[in-house]
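Let me begin by presenting the structure, written as structure tokens, before commenting on it.
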Amino acid sequence: MLLSARQLSCVRQDRVLFEQLDLQLHAGEVLQIAGKNGAGKSSLLRILSGLSEPEDGEVCYQQLPLAQSADDYADNLCFIGHLAGVQPQLTALENLQFWRACFALKSADDWALLATLGLAGLEDIPCQQLSAGQQRRVSLARLWLTSAQIWILDEPFTALDQSAIAGLTARIAAHCSQGGAVLLTSHQPVEIPGYAVREFMLEYRW
Amino acid sequence: MSHVAVFRATLKRELKLLARQKADWVNPLLFFIIILTLFPLGVGAKPNLLREIAPGVIWIAALLSVLLGAERQFRQDYRDGVLEQLVAARAPLLGYSLAKIAAGWISSGLPLILVSPLLALFLGLSAEALLAVVLTLLLGTPLLSLLSALGAALTLSADKGGILLALVILPLYIPLLIFASAAVEQAGFGLNYQAQLAVLAAMLCVASALVPIAVQKALKLNVG
């Protein structure tokens with residue numbers, strides 16, 4: 001068991017989003033958090049990635065509470081939230097260079113990687129001139145370079161076209177076959193070739 | 001993932017952005033020049049009065065023009081989610097903050113130092129006072145950049161952070177203003193102003209040791 005949450009609760013603007021929530025993520029598994037808009041999916045992902053503190057309960061990485069394992073956990077985590085994290089005035093290549101220094105990414109042929117992501121010819125154009133789907137592709141390029149075991153992705157399929165979705169699901173499948181684990185949110189059913197996606201339903205509460 | 005590597009990568013990135021968005025460093029500079037040219041026009045042909053108020057005027061103009069660019073410092077990275085990802089990955093934010101502060105000084109402090117001798121002539125400053133202006137700006141503008149980065153980091157997630165930033169930061173500028181304008185005034189009278197410079201240097205040392213740590217904590221708090 002890589003990641004587990006025990007008795008989590010989260011309160012936003014005096015509304016209880018969820019309480020006493022238990023969740024486990026195992027190696028080689030894809031877990032999809034589903035639920036209506038405003039059900040607390042993003043808040044849950046932020047808590048699980050250590051960005052915010054739960055109102056109650058705890059998150060454990062390899063059976064240790066995050067308070068003790070935060071550094072190890074951060075080294076093994078790739079978090080991409082609903083904000084893409086792409087600096088719009090920089091080109092795709094420059095964004096990758098910056099991430100490489102900050103997130104200890106593998107060194108690879110960035111040109112070839114961007115080409116496989118369907119961004120050939122757009123490598124040195126400022127990202128603000130790319131479409132929303134292309135910017136999302138730039139942001140997801142990190143997944144091809146990271147050696148982190150746990151991926152937490154908030155709405156990774158937003159704005160992507162069919163071929164990009166196929167590329168991303170293939171990458172997720174390859175990651176799981178190497179013992180990785182993926183936690184993601186999506187409003188569409190997610191199909192990963194060769195892997196059963198476990199769905200975790202988050203009820204909308206008043 | 002060392003601090004040095006992140007510092008280098010961030011500084012390189014910020015310098016590229018400055019080269020691309022020239023308004024970021026041109027606007028504060030033009031603002032500084034305009035304020036200083038308005039004073040002789042407003043005060044009229046009274047060279048003695050101008051010379052008397054020049055130290056304060058130059059320094060207040062410098063404070064305000066550094067403040068002008070301060071709000072933008074972390075805002076874009078916050079809105080785009082860059083900061084969120086850095087905090088989640090526990091990337092060395094100290095290197096990132098230091099690079100941001102250095103880039104902030106290059107964009108809003110350094111240009112002021114370069115044009116200040118020219119502007120001091122408008123205000124009728126003597127050669128000694130002119131040298132004092134340059135020296136106090138050299139020691140003072142990095143301090144301005146440090147404090148404005150702190151304000152920007154603290155007010156990052158606040159709506160309409162701009163005015164709040166000014167309210168938080170301007171009081172912290174007071175000691176700097178007092179010693180820097182006193183140094184220029186002393187120089188104008190031909191007196192020794194090393195004591196004031198030493199105080200400015202001491203303030204700069206304390207701030208550069210402590211402010212980056214505070215900036216880092218404030219960024220984490222605002223993102224979490």
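In the structure tokens, each chain is lettered A, B, ... as it comes, each chain's residues begin at 1, and ligands are numbered from 1 in order of appearance.
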
Quick one: which residues from chain B are at most 12 Å off chain A, using only C-alpha atoms, as a VMD selection string?
-> chain B and resid 1 to 21 74 to 96 219 to 224

Could you give me, as a PyMOL selection string, the residues within 10 Å of Gly69 in chain B, counting only C-alpha atoms and dropping anything in the same chain fewer than 6 positions from it?
-> chain B and resi 23-25+27-28+104+107-108+145+148-149+152+162

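Neighbouring residues of Leu184 in chain A at 9 Å or closer, counting only C-alpha atoms and skipping chain neighbours under 2 positions away, are Val30, Leu31, Gln32, Ile33, Ala34, Leu45, Trp151, Ile152, Leu153, Asp154, Glu155, Pro156, Val182 and Ser186 of chain A.
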
Given the selection you just returned, output its residues as a file containing N, CA and C atoms, formatted as a PDB file, in the first residue's frame.
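Ended up saving to result_22.pdb:
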ATOM      1  N   VAL A  30      -4.765   2.222 -10.813  1.00  0.00           N
ATOM      2  CA  VAL A  30      -5.284   3.529 -11.215  1.00  0.00           C
ATOM      3  C   VAL A  30      -6.572   3.760 -10.443  1.00  0.00           C
ATOM      4  N   LEU A  31      -6.611   4.841  -9.702  1.00  0.00           N
ATOM      5  CA  LEU A  31      -7.796   5.153  -8.912  1.00  0.00           C
ATOM      6  C   LEU A  31      -8.393   6.446  -9.442  1.00  0.00           C
ATOM      7  N   GLN A  32      -9.667   6.354  -9.831  1.00  0.00           N
ATOM      8  CA  GLN A  32     -10.322   7.556 -10.335  1.00  0.00           C
ATOM      9  C   GLN A  32     -11.274   8.089  -9.279  1.00  0.00           C
ATOM     10  N   ILE A  33     -11.112   9.345  -8.914  1.00  0.00           N
ATOM     11  CA  ILE A  33     -12.046   9.983  -7.989  1.00  0.00           C
ATOM     12  C   ILE A  33     -13.146  10.592  -8.844  1.00  0.00           C
ATOM     13  N   ALA A  34     -14.374  10.176  -8.623  1.00  0.00           N
ATOM     14  CA  ALA A  34     -15.481  10.725  -9.399  1.00  0.00           C
ATOM     15  C   ALA A  34     -16.414  11.477  -8.461  1.00  0.00           C
ATOM     16  N   LEU A  45      -7.585  15.910  -3.560  1.00  0.00           N
ATOM     17  CA  LEU A  45      -6.277  15.706  -4.188  1.00  0.00           C
ATOM     18  C   LEU A  45      -5.222  16.610  -3.548  1.00  0.00           C
ATOM     19  N   TRP A 151       1.470   9.368  -9.097  1.00  0.00           N
ATOM     20  CA  TRP A 151       1.041  10.535  -9.857  1.00  0.00           C
ATOM     21  C   TRP A 151      -0.318  10.973  -9.342  1.00  0.00           C
ATOM     22  N   ILE A 152      -0.471  12.227  -9.062  1.00  0.00           N
ATOM     23  CA  ILE A 152      -1.774  12.761  -8.698  1.00  0.00           C
ATOM     24  C   ILE A 152      -2.133  13.795  -9.756  1.00  0.00           C
ATOM     25  N   LEU A 153      -3.167  13.499 -10.534  1.00  0.00           N
ATOM     26  CA  LEU A 153      -3.501  14.346 -11.679  1.00  0.00           C
ATOM     27  C   LEU A 153      -4.941  14.834 -11.547  1.00  0.00           C
ATOM     28  N   ASP A 154      -5.111  16.134 -11.570  1.00  0.00           N
ATOM     29  CA  ASP A 154      -6.450  16.708 -11.451  1.00  0.00           C
ATOM     30  C   ASP A 154      -6.965  17.016 -12.860  1.00  0.00           C
ATOM     31  N   GLU A 155      -7.964  16.293 -13.291  1.00  0.00           N
ATOM     32  CA  GLU A 155      -8.578  16.483 -14.611  1.00  0.00           C
ATOM     33  C   GLU A 155      -7.543  16.482 -15.743  1.00  0.00           C
ATOM     34  N   PRO A 156      -6.735  15.425 -15.856  1.00  0.00           N
ATOM     35  CA  PRO A 156      -5.677  15.457 -16.871  1.00  0.00           C
ATOM     36  C   PRO A 156      -6.214  15.431 -18.302  1.00  0.00           C
ATOM     37  N   VAL A 182      -1.512   5.700  -9.961  1.00  0.00           N
ATOM     38  CA  VAL A 182      -2.045   6.961 -10.463  1.00  0.00           C
ATOM     39  C   VAL A 182      -3.372   7.259  -9.783  1.00  0.00           C
ATOM     40  N   SER A 186     -11.717  12.682 -13.103  1.00  0.00           N
ATOM     41  CA  SER A 186     -12.199  12.884 -14.454  1.00  0.00           C
ATOM     42  C   SER A 186     -13.708  12.773 -14.433  1.00  0.00           C
TER      43      SER A 186
END

Just asking: which residues within range 70-146 of chain A are strand (DSSP E) according to DSSP, as a VMD selection string?
-> chain A and resid 77 to 80

Residues within 9 Å of Ala62 in chain B, please, as a compact mmCIF listing (two decimals) with N, CA and C atoms, in the first residue's frame. Count only C-alpha atoms; anything in the same chain fewer than 5 positions from it doesn't count.
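Produced file around.txt, reproduced below:
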# COMPACT_ATOMS: atom_id res chain seq x y z
N PRO B 28 8.64 50.93 -14.34
CA PRO B 28 9.11 51.55 -13.09
C PRO B 28 10.17 52.62 -13.35
N PHE B 32 9.93 56.59 -12.33
CA PHE B 32 10.97 57.26 -11.55
C PHE B 32 11.41 58.55 -12.24
N VAL B 57 13.24 63.54 -2.13
CA VAL B 57 12.45 63.35 -3.35
C VAL B 57 12.97 62.14 -4.13
N LEU B 67 8.02 49.71 -5.66
CA LEU B 67 6.73 49.17 -5.22
C LEU B 67 5.81 48.87 -6.41
N GLY B 109 15.59 47.86 -9.56
CA GLY B 109 16.58 48.61 -8.78
C GLY B 109 17.74 49.11 -9.62
N LEU B 112 17.36 52.18 -11.89
CA LEU B 112 17.29 53.45 -11.14
C LEU B 112 18.69 53.95 -10.83
N LEU B 137 21.75 54.32 -3.24
CA LEU B 137 20.88 53.49 -4.08
C LEU B 137 21.47 52.09 -4.24
N THR B 141 18.60 49.87 -2.86
CA THR B 141 17.63 49.22 -3.75
C THR B 141 17.55 47.70 -3.56
N LEU B 144 15.18 47.37 -0.85
CA LEU B 144 13.81 47.61 -1.33
C LEU B 144 13.26 46.37 -2.01

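In this structure, CA of Ile113 in chain B sits 11.6 Å away from CA of Ile33 in chain B.
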
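Picture a line from CA of Ser126 in chain B to CA of Ala180 in chain B; it runs 16.3 Å.
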
What lies within 12 Å of Leu49 in chain B using only C-alpha atoms, ignoring chain neighbours under 3 positions off, as JSON, numbers by chain?
-> {"B": [39, 40, 42, 43, 44, 45, 46, 52, 53, 54, 55, 57, 123, 124, 125]}

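From CA of Val215 in chain B back to CA of Leu165 in chain B, the distance works out to 13.6 Å.
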
Hey, what's within 7 Å of Arg6 in chain A if we count only C-alpha atoms and toss same-chain stuff fewer than 6 positions away? As a list in words, please?
-> Leu21, Asp22, Leu23, Gly57, Glu58 and Val59 of chain A

Write out the residues from the selection above, keeping C-alpha atoms, as a PDB file, in the first residue's frame.
ATOM      1  CA  LEU A  21     -13.136   9.324   4.350  1.00  0.00           C
ATOM      2  CA  ASP A  22     -10.846   6.305   3.977  1.00  0.00           C
ATOM      3  CA  LEU A  23      -8.887   5.648   0.848  1.00  0.00           C
ATOM      4  CA  GLY A  57      -7.614  12.586   9.919  1.00  0.00           C
ATOM      5  CA  GLU A  58      -4.243  11.787   8.393  1.00  0.00           C
ATOM      6  CA  VAL A  59      -2.520  10.838   5.174  1.00  0.00           C
TER       7      VAL A  59
END

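Of the listed residues (B:Ala209, B:Leu130, B:Leu164, B:Ala120), B:Ala209 comes nearest to Leu98 in chain B; the distances count only C-alpha atoms.
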
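Within the 10 Å cut-off around Ala39 in chain A, using only C-alpha atoms and omitting residues fewer than 6 positions from it on the same chain, the listed residues are Val16, Leu17, Phe18, Met201, Leu202, Glu203, Tyr204, Arg205 and Trp206 of chain A.
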